[in-house]
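Chemist: Dropping in structure_1.cif, which is mmCIF, C-alpha atoms:
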```cif
data_input
#
loop_
_atom_site.group_PDB
_atom_site.id
_atom_site.type_symbol
_atom_site.label_atom_id
_atom_site.label_comp_id
_atom_site.auth_asym_id
_atom_site.auth_seq_id
_atom_site.Cartn_x
_atom_site.Cartn_y
_atom_site.Cartn_z
ATOM 1 C CA MET A 1 -12.747 -23.119 18.549
ATOM 2 C CA SER A 2 -10.413 -24.837 16.143
ATOM 3 C CA LYS A 3 -9.431 -23.505 12.757
ATOM 4 C CA PRO A 4 -12.024 -24.590 10.192
ATOM 5 C CA GLU A 5 -11.079 -26.408 7.025
ATOM 6 C CA ILE A 6 -11.068 -23.809 4.266
ATOM 7 C CA SER A 7 -10.739 -24.790 0.640
ATOM 8 C CA PRO A 8 -8.076 -23.135 -1.529
ATOM 9 C CA ALA A 9 -10.803 -21.344 -3.502
ATOM 10 C CA ALA A 10 -12.447 -20.044 -0.329
ATOM 11 C CA THR A 11 -9.040 -18.993 1.029
ATOM 12 C CA GLN A 12 -8.376 -17.023 -2.144
ATOM 13 C CA ALA A 13 -11.806 -15.373 -1.960
ATOM 14 C CA LEU A 14 -11.280 -14.447 1.703
ATOM 15 C CA GLU A 15 -7.829 -13.034 0.987
ATOM 16 C CA ALA A 16 -9.215 -11.014 -1.918
ATOM 17 C CA ALA A 17 -11.994 -9.640 0.290
ATOM 18 C CA ALA A 18 -9.479 -8.701 2.999
ATOM 19 C CA PHE A 19 -7.309 -6.961 0.381
ATOM 20 C CA ARG A 20 -10.295 -4.992 -0.935
ATOM 21 C CA ALA A 21 -11.178 -3.977 2.623
ATOM 22 C CA LEU A 22 -7.588 -2.820 3.241
ATOM 23 C CA VAL A 23 -7.547 -0.749 0.034
ATOM 24 C CA ALA A 24 -10.956 0.766 0.876
ATOM 25 C CA HIS A 25 -9.744 1.591 4.383
ATOM 26 C CA LEU A 26 -6.615 3.309 3.042
ATOM 27 C CA ARG A 27 -8.648 5.285 0.502
ATOM 28 C CA ALA A 28 -11.055 6.378 3.243
ATOM 29 C CA ASN A 29 -8.163 7.563 5.415
ATOM 30 C CA PRO A 30 -5.922 9.699 3.209
ATOM 31 C CA GLN A 31 -4.845 11.676 6.279
ATOM 32 C CA VAL A 32 -2.662 8.701 7.185
ATOM 33 C CA GLN A 33 0.609 9.579 5.536
ATOM 34 C CA ASN A 34 2.746 6.957 3.778
ATOM 35 C CA ILE A 35 5.843 7.834 5.820
ATOM 36 C CA ASP A 36 3.889 7.247 9.031
ATOM 37 C CA MET A 37 2.708 3.878 7.721
ATOM 38 C CA MET A 38 6.284 2.972 6.814
ATOM 39 C CA ASN A 39 7.553 3.974 10.237
ATOM 40 C CA LEU A 40 4.849 2.030 12.081
ATOM 41 C CA ALA A 41 4.113 -0.940 9.851
ATOM 42 C CA GLY A 42 7.045 -1.203 7.449
ATOM 43 C CA PHE A 43 4.886 -0.768 4.356
ATOM 44 C CA CYS A 44 2.845 1.944 2.682
ATOM 45 C CA ARG A 45 0.441 2.429 -0.196
ATOM 46 C CA ASN A 46 3.352 2.453 -2.645
ATOM 47 C CA CYS A 47 4.547 -0.918 -1.321
ATOM 48 C CA LEU A 48 1.035 -2.292 -1.729
ATOM 49 C CA SER A 49 0.857 -1.025 -5.307
ATOM 50 C CA ARG A 50 4.289 -2.543 -6.059
ATOM 51 C CA TRP A 51 3.158 -5.909 -4.678
ATOM 52 C CA TYR A 52 0.017 -5.645 -6.812
ATOM 53 C CA ARG A 53 2.106 -4.888 -9.923
ATOM 54 C CA GLU A 54 4.490 -7.766 -9.163
ATOM 55 C CA ALA A 55 1.547 -10.159 -8.727
ATOM 56 C CA ALA A 56 0.065 -8.975 -12.026
ATOM 57 C CA GLN A 57 3.365 -9.469 -13.813
ATOM 58 C CA ALA A 58 3.700 -12.959 -12.313
ATOM 59 C CA GLN A 59 0.350 -13.714 -13.979
ATOM 60 C CA GLY A 60 1.589 -12.331 -17.321
ATOM 61 C CA ILE A 61 -0.375 -9.079 -16.983
ATOM 62 C CA ASP A 62 1.521 -6.006 -18.158
ATOM 63 C CA LEU A 63 0.879 -3.418 -15.459
ATOM 64 C CA ASP A 64 3.158 -0.458 -14.868
ATOM 65 C CA ASP A 65 3.736 1.439 -11.620
ATOM 66 C CA PRO A 66 1.425 4.381 -12.393
ATOM 67 C CA ALA A 67 -1.477 2.047 -13.218
ATOM 68 C CA ALA A 68 -0.890 -0.084 -10.116
ATOM 69 C CA ARG A 69 -0.727 3.021 -7.931
ATOM 70 C CA GLU A 70 -3.985 4.302 -9.394
ATOM 71 C CA ILE A 71 -5.635 0.993 -8.482
ATOM 72 C CA ILE A 72 -4.486 1.341 -4.866
ATOM 73 C CA TYR A 73 -4.919 5.105 -4.443
ATOM 74 C CA GLY A 74 -8.201 5.304 -6.377
ATOM 75 C CA MET A 75 -6.806 8.181 -8.457
ATOM 76 C CA PRO A 76 -3.556 9.045 -10.209
ATOM 77 C CA TYR A 77 -0.692 9.160 -7.711
ATOM 78 C CA LYS A 78 0.265 12.752 -8.533
ATOM 79 C CA GLN A 79 -3.334 13.826 -7.868
ATOM 80 C CA TRP A 80 -3.342 11.999 -4.514
ATOM 81 C CA GLN A 81 -0.034 13.624 -3.573
ATOM 82 C CA ALA A 82 -1.360 17.094 -4.429
ATOM 83 C CA GLN A 83 -4.583 16.552 -2.465
ATOM 84 C CA HIS A 84 -3.384 14.579 0.555
ATOM 85 C CA GLN A 85 0.365 14.367 1.019
ATOM 86 C CA LYS A 86 1.823 16.666 3.627
ATOM 87 C CA PRO A 87 5.495 17.425 4.228
ATOM 88 C CA ALA A 88 6.997 14.855 6.544
ATOM 89 C CA SER A 89 8.010 16.126 9.957
ATOM 90 C CA PRO A 90 11.689 16.040 10.864
ATOM 91 C CA GLN A 91 10.837 13.322 13.419
ATOM 92 C CA ALA A 92 9.133 11.168 10.792
ATOM 93 C CA GLN A 93 12.038 11.670 8.387
ATOM 94 C CA ALA A 94 14.523 10.675 11.091
ATOM 95 C CA ALA A 95 12.515 7.568 11.992
ATOM 96 C CA PHE A 96 12.313 6.602 8.320
ATOM 97 C CA ALA A 97 16.068 7.096 7.874
ATOM 98 C CA ALA A 98 16.710 4.931 10.937
ATOM 99 C CA ARG A 99 14.522 2.158 9.480
ATOM 100 C CA GLN A 100 16.443 2.344 6.204
ATOM 101 C CA GLU A 101 19.799 2.167 8.009
ATOM 102 C CA GLY A 102 18.548 -0.788 10.026
ATOM 103 C CA GLY A 103 17.660 -2.729 6.874
ATOM 104 C CA GLU A 104 13.926 -2.364 7.395
ATOM 105 C CA GLY A 105 13.243 -0.413 4.212
ATOM 106 C CA HIS A 106 10.590 -1.153 1.665
#
```
Would you mind writing the file out in structure tokens?
Modeler:
Amino acid sequence: MSKPEISPAATQALEAAAFRALVAHLRANPQVQNIDMMNLAGFCRNCLSRWYREAAQAQGIDLDDPAAREIIYGMPYKQWQAQHQKPASPQAQAAFAARQEGGEGH
């Protein structure tokens, strides 16, 4: 099957739907720690919220980091941290440090 012709408006709607599904998936899986996401995928919820804020600012929308994080996390970031964030294991910290040294940081 070949790639169908998709209009720019339909492409934007599909991308928005995929983004909403990603955010919903992350909210439904708070046990997945940000450091583990960074180590495996090179991005985390904070990266996603930063990209959201940057996109808003590119559109002239004044959105700060706490507000962008609340959009992604579904609650204030400090609340999410208190409820879901666990201390990173020494192995996860070492893997993260190695990524940073290798230029793969967020």
Chemist: For atom CA of Gln79 of chain A and atom CA of Val32 of chain A, quote the distance in Å rounded to one decimal.
Modeler: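 Separation of atom CA of Gln79 of chain A and atom CA of Val32 of chain A: 15.9 Å.
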Chemist: Under the PyMOL selection byres ((chain A and resi 69) around 9), which residues of this model are included? Write them out as an NGL selection string.
Modeler: :A and (45-46 or 48-50 or 52-53 or 64-68 or 70-77)
Chemist: Excluding His84 of chain A and any residue of its chain fewer than 6 positions from it, enumerate the residues within 9 Å of it, using all atoms listed in the file, and give them as a ChimeraX atom specification.
Modeler: /A:30-33
Chemist: Can you pull out every residue within 12 Å of Ala92 of chain A, counting all atoms listed in the file, but drop anything in the same chain fewer than 5 positions away, and send it as an MDAnalysis selection string?
Modeler: chainID A and resid 33:40 86:87 97:99
Chemist: What does the distance between atom CA of Ala41 of chain A and atom CA of Leu26 of chain A come to in Å, to one decimal place?
Modeler: 13.4 Å
Chemist: What are the centre and edge lengths in Å, to one decimal, of the axis-aligned box around all listed atoms of segment 86-90 of chain A with 6 Å added on each side, as lines of an AutoDock Vina configuration file?
Modeler:
```
center_x = 6.8
center_y = 16.1
center_z = 7.2
size_x = 21.9
size_y = 14.6
size_z = 19.2
```
Chemist: Record the distance separating atom CA of Ile61 of chain A and atom CA of Lys78 of chain A, expressed in Å with one decimal.
Modeler: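 Here the two named atoms are 23.4 Å from each other.
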Chemist: Generate the coordinates of N, CA and C atoms for segment 31-57 of chain A; report them as a PDB file, in the frame of the given file.
Modeler:
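Below is the file out-v6.pdb, written as the result:
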```pdb
ATOM      1  N   GLN A  31      -5.618  10.895   5.315  1.00  0.00           N
ATOM      2  CA  GLN A  31      -4.845  11.676   6.279  1.00  0.00           C
ATOM      3  C   GLN A  31      -3.679  10.866   6.842  1.00  0.00           C
ATOM      4  N   VAL A  32      -3.761   9.555   6.746  1.00  0.00           N
ATOM      5  CA  VAL A  32      -2.662   8.701   7.185  1.00  0.00           C
ATOM      6  C   VAL A  32      -1.579   8.772   6.114  1.00  0.00           C
ATOM      7  N   GLN A  33      -0.466   9.355   6.481  1.00  0.00           N
ATOM      8  CA  GLN A  33       0.609   9.579   5.536  1.00  0.00           C
ATOM      9  C   GLN A  33       1.435   8.309   5.326  1.00  0.00           C
ATOM     10  N   ASN A  34       1.950   8.141   4.098  1.00  0.00           N
ATOM     11  CA  ASN A  34       2.746   6.957   3.778  1.00  0.00           C
ATOM     12  C   ASN A  34       3.963   6.823   4.686  1.00  0.00           C
ATOM     13  N   ILE A  35       4.643   7.930   4.977  1.00  0.00           N
ATOM     14  CA  ILE A  35       5.843   7.834   5.820  1.00  0.00           C
ATOM     15  C   ILE A  35       5.479   7.335   7.212  1.00  0.00           C
ATOM     16  N   ASP A  36       4.329   7.730   7.719  1.00  0.00           N
ATOM     17  CA  ASP A  36       3.889   7.247   9.031  1.00  0.00           C
ATOM     18  C   ASP A  36       3.584   5.750   8.975  1.00  0.00           C
ATOM     19  N   MET A  37       2.965   5.311   7.889  1.00  0.00           N
ATOM     20  CA  MET A  37       2.708   3.878   7.721  1.00  0.00           C
ATOM     21  C   MET A  37       4.024   3.106   7.664  1.00  0.00           C
ATOM     22  N   MET A  38       4.983   3.638   6.913  1.00  0.00           N
ATOM     23  CA  MET A  38       6.284   2.972   6.814  1.00  0.00           C
ATOM     24  C   MET A  38       6.945   2.871   8.185  1.00  0.00           C
ATOM     25  N   ASN A  39       6.899   3.963   8.933  1.00  0.00           N
ATOM     26  CA  ASN A  39       7.553   3.974  10.237  1.00  0.00           C
ATOM     27  C   ASN A  39       6.885   3.025  11.228  1.00  0.00           C
ATOM     28  N   LEU A  40       5.570   2.883  11.131  1.00  0.00           N
ATOM     29  CA  LEU A  40       4.849   2.030  12.081  1.00  0.00           C
ATOM     30  C   LEU A  40       4.723   0.582  11.620  1.00  0.00           C
ATOM     31  N   ALA A  41       4.442   0.395  10.334  1.00  0.00           N
ATOM     32  CA  ALA A  41       4.113  -0.940   9.851  1.00  0.00           C
ATOM     33  C   ALA A  41       5.137  -1.533   8.883  1.00  0.00           C
ATOM     34  N   GLY A  42       6.039  -0.690   8.377  1.00  0.00           N
ATOM     35  CA  GLY A  42       7.045  -1.203   7.449  1.00  0.00           C
ATOM     36  C   GLY A  42       6.568  -1.332   6.024  1.00  0.00           C
ATOM     37  N   PHE A  43       5.384  -0.806   5.728  1.00  0.00           N
ATOM     38  CA  PHE A  43       4.886  -0.768   4.356  1.00  0.00           C
ATOM     39  C   PHE A  43       3.976   0.431   4.216  1.00  0.00           C
ATOM     40  N   CYS A  44       3.724   0.812   2.955  1.00  0.00           N
ATOM     41  CA  CYS A  44       2.845   1.944   2.682  1.00  0.00           C
ATOM     42  C   CYS A  44       2.022   1.637   1.429  1.00  0.00           C
ATOM     43  N   ARG A  45       1.271   2.599   1.000  1.00  0.00           N
ATOM     44  CA  ARG A  45       0.441   2.429  -0.196  1.00  0.00           C
ATOM     45  C   ARG A  45       1.296   2.105  -1.419  1.00  0.00           C
ATOM     46  N   ASN A  46       2.482   2.723  -1.503  1.00  0.00           N
ATOM     47  CA  ASN A  46       3.352   2.453  -2.645  1.00  0.00           C
ATOM     48  C   ASN A  46       3.847   1.011  -2.623  1.00  0.00           C
ATOM     49  N   CYS A  47       4.151   0.490  -1.435  1.00  0.00           N
ATOM     50  CA  CYS A  47       4.547  -0.918  -1.321  1.00  0.00           C
ATOM     51  C   CYS A  47       3.403  -1.813  -1.800  1.00  0.00           C
ATOM     52  N   LEU A  48       2.203  -1.498  -1.344  1.00  0.00           N
ATOM     53  CA  LEU A  48       1.035  -2.292  -1.729  1.00  0.00           C
ATOM     54  C   LEU A  48       0.837  -2.267  -3.244  1.00  0.00           C
ATOM     55  N   SER A  49       1.012  -1.109  -3.850  1.00  0.00           N
ATOM     56  CA  SER A  49       0.857  -1.025  -5.307  1.00  0.00           C
ATOM     57  C   SER A  49       1.975  -1.794  -6.018  1.00  0.00           C
ATOM     58  N   ARG A  50       3.191  -1.780  -5.454  1.00  0.00           N
ATOM     59  CA  ARG A  50       4.289  -2.543  -6.059  1.00  0.00           C
ATOM     60  C   ARG A  50       4.000  -4.039  -5.975  1.00  0.00           C
ATOM     61  N   TRP A  51       3.503  -4.495  -4.819  1.00  0.00           N
ATOM     62  CA  TRP A  51       3.158  -5.909  -4.678  1.00  0.00           C
ATOM     63  C   TRP A  51       2.058  -6.301  -5.657  1.00  0.00           C
ATOM     64  N   TYR A  52       1.103  -5.399  -5.859  1.00  0.00           N
ATOM     65  CA  TYR A  52       0.017  -5.645  -6.812  1.00  0.00           C
ATOM     66  C   TYR A  52       0.588  -5.782  -8.224  1.00  0.00           C
ATOM     67  N   ARG A  53       1.486  -4.844  -8.593  1.00  0.00           N
ATOM     68  CA  ARG A  53       2.106  -4.888  -9.923  1.00  0.00           C
ATOM     69  C   ARG A  53       2.906  -6.172 -10.097  1.00  0.00           C
ATOM     70  N   GLU A  54       3.687  -6.541  -9.085  1.00  0.00           N
ATOM     71  CA  GLU A  54       4.490  -7.766  -9.163  1.00  0.00           C
ATOM     72  C   GLU A  54       3.602  -8.999  -9.318  1.00  0.00           C
ATOM     73  N   ALA A  55       2.479  -9.037  -8.608  1.00  0.00           N
ATOM     74  CA  ALA A  55       1.547 -10.159  -8.727  1.00  0.00           C
ATOM     75  C   ALA A  55       0.942 -10.200 -10.126  1.00  0.00           C
ATOM     76  N   ALA A  56       0.609  -9.029 -10.658  1.00  0.00           N
ATOM     77  CA  ALA A  56       0.065  -8.975 -12.026  1.00  0.00           C
ATOM     78  C   ALA A  56       1.088  -9.489 -13.021  1.00  0.00           C
ATOM     79  N   GLN A  57       2.318  -9.037 -12.882  1.00  0.00           N
ATOM     80  CA  GLN A  57       3.365  -9.469 -13.813  1.00  0.00           C
ATOM     81  C   GLN A  57       3.628 -10.966 -13.701  1.00  0.00           C
TER      82      GLN A  57
END
```
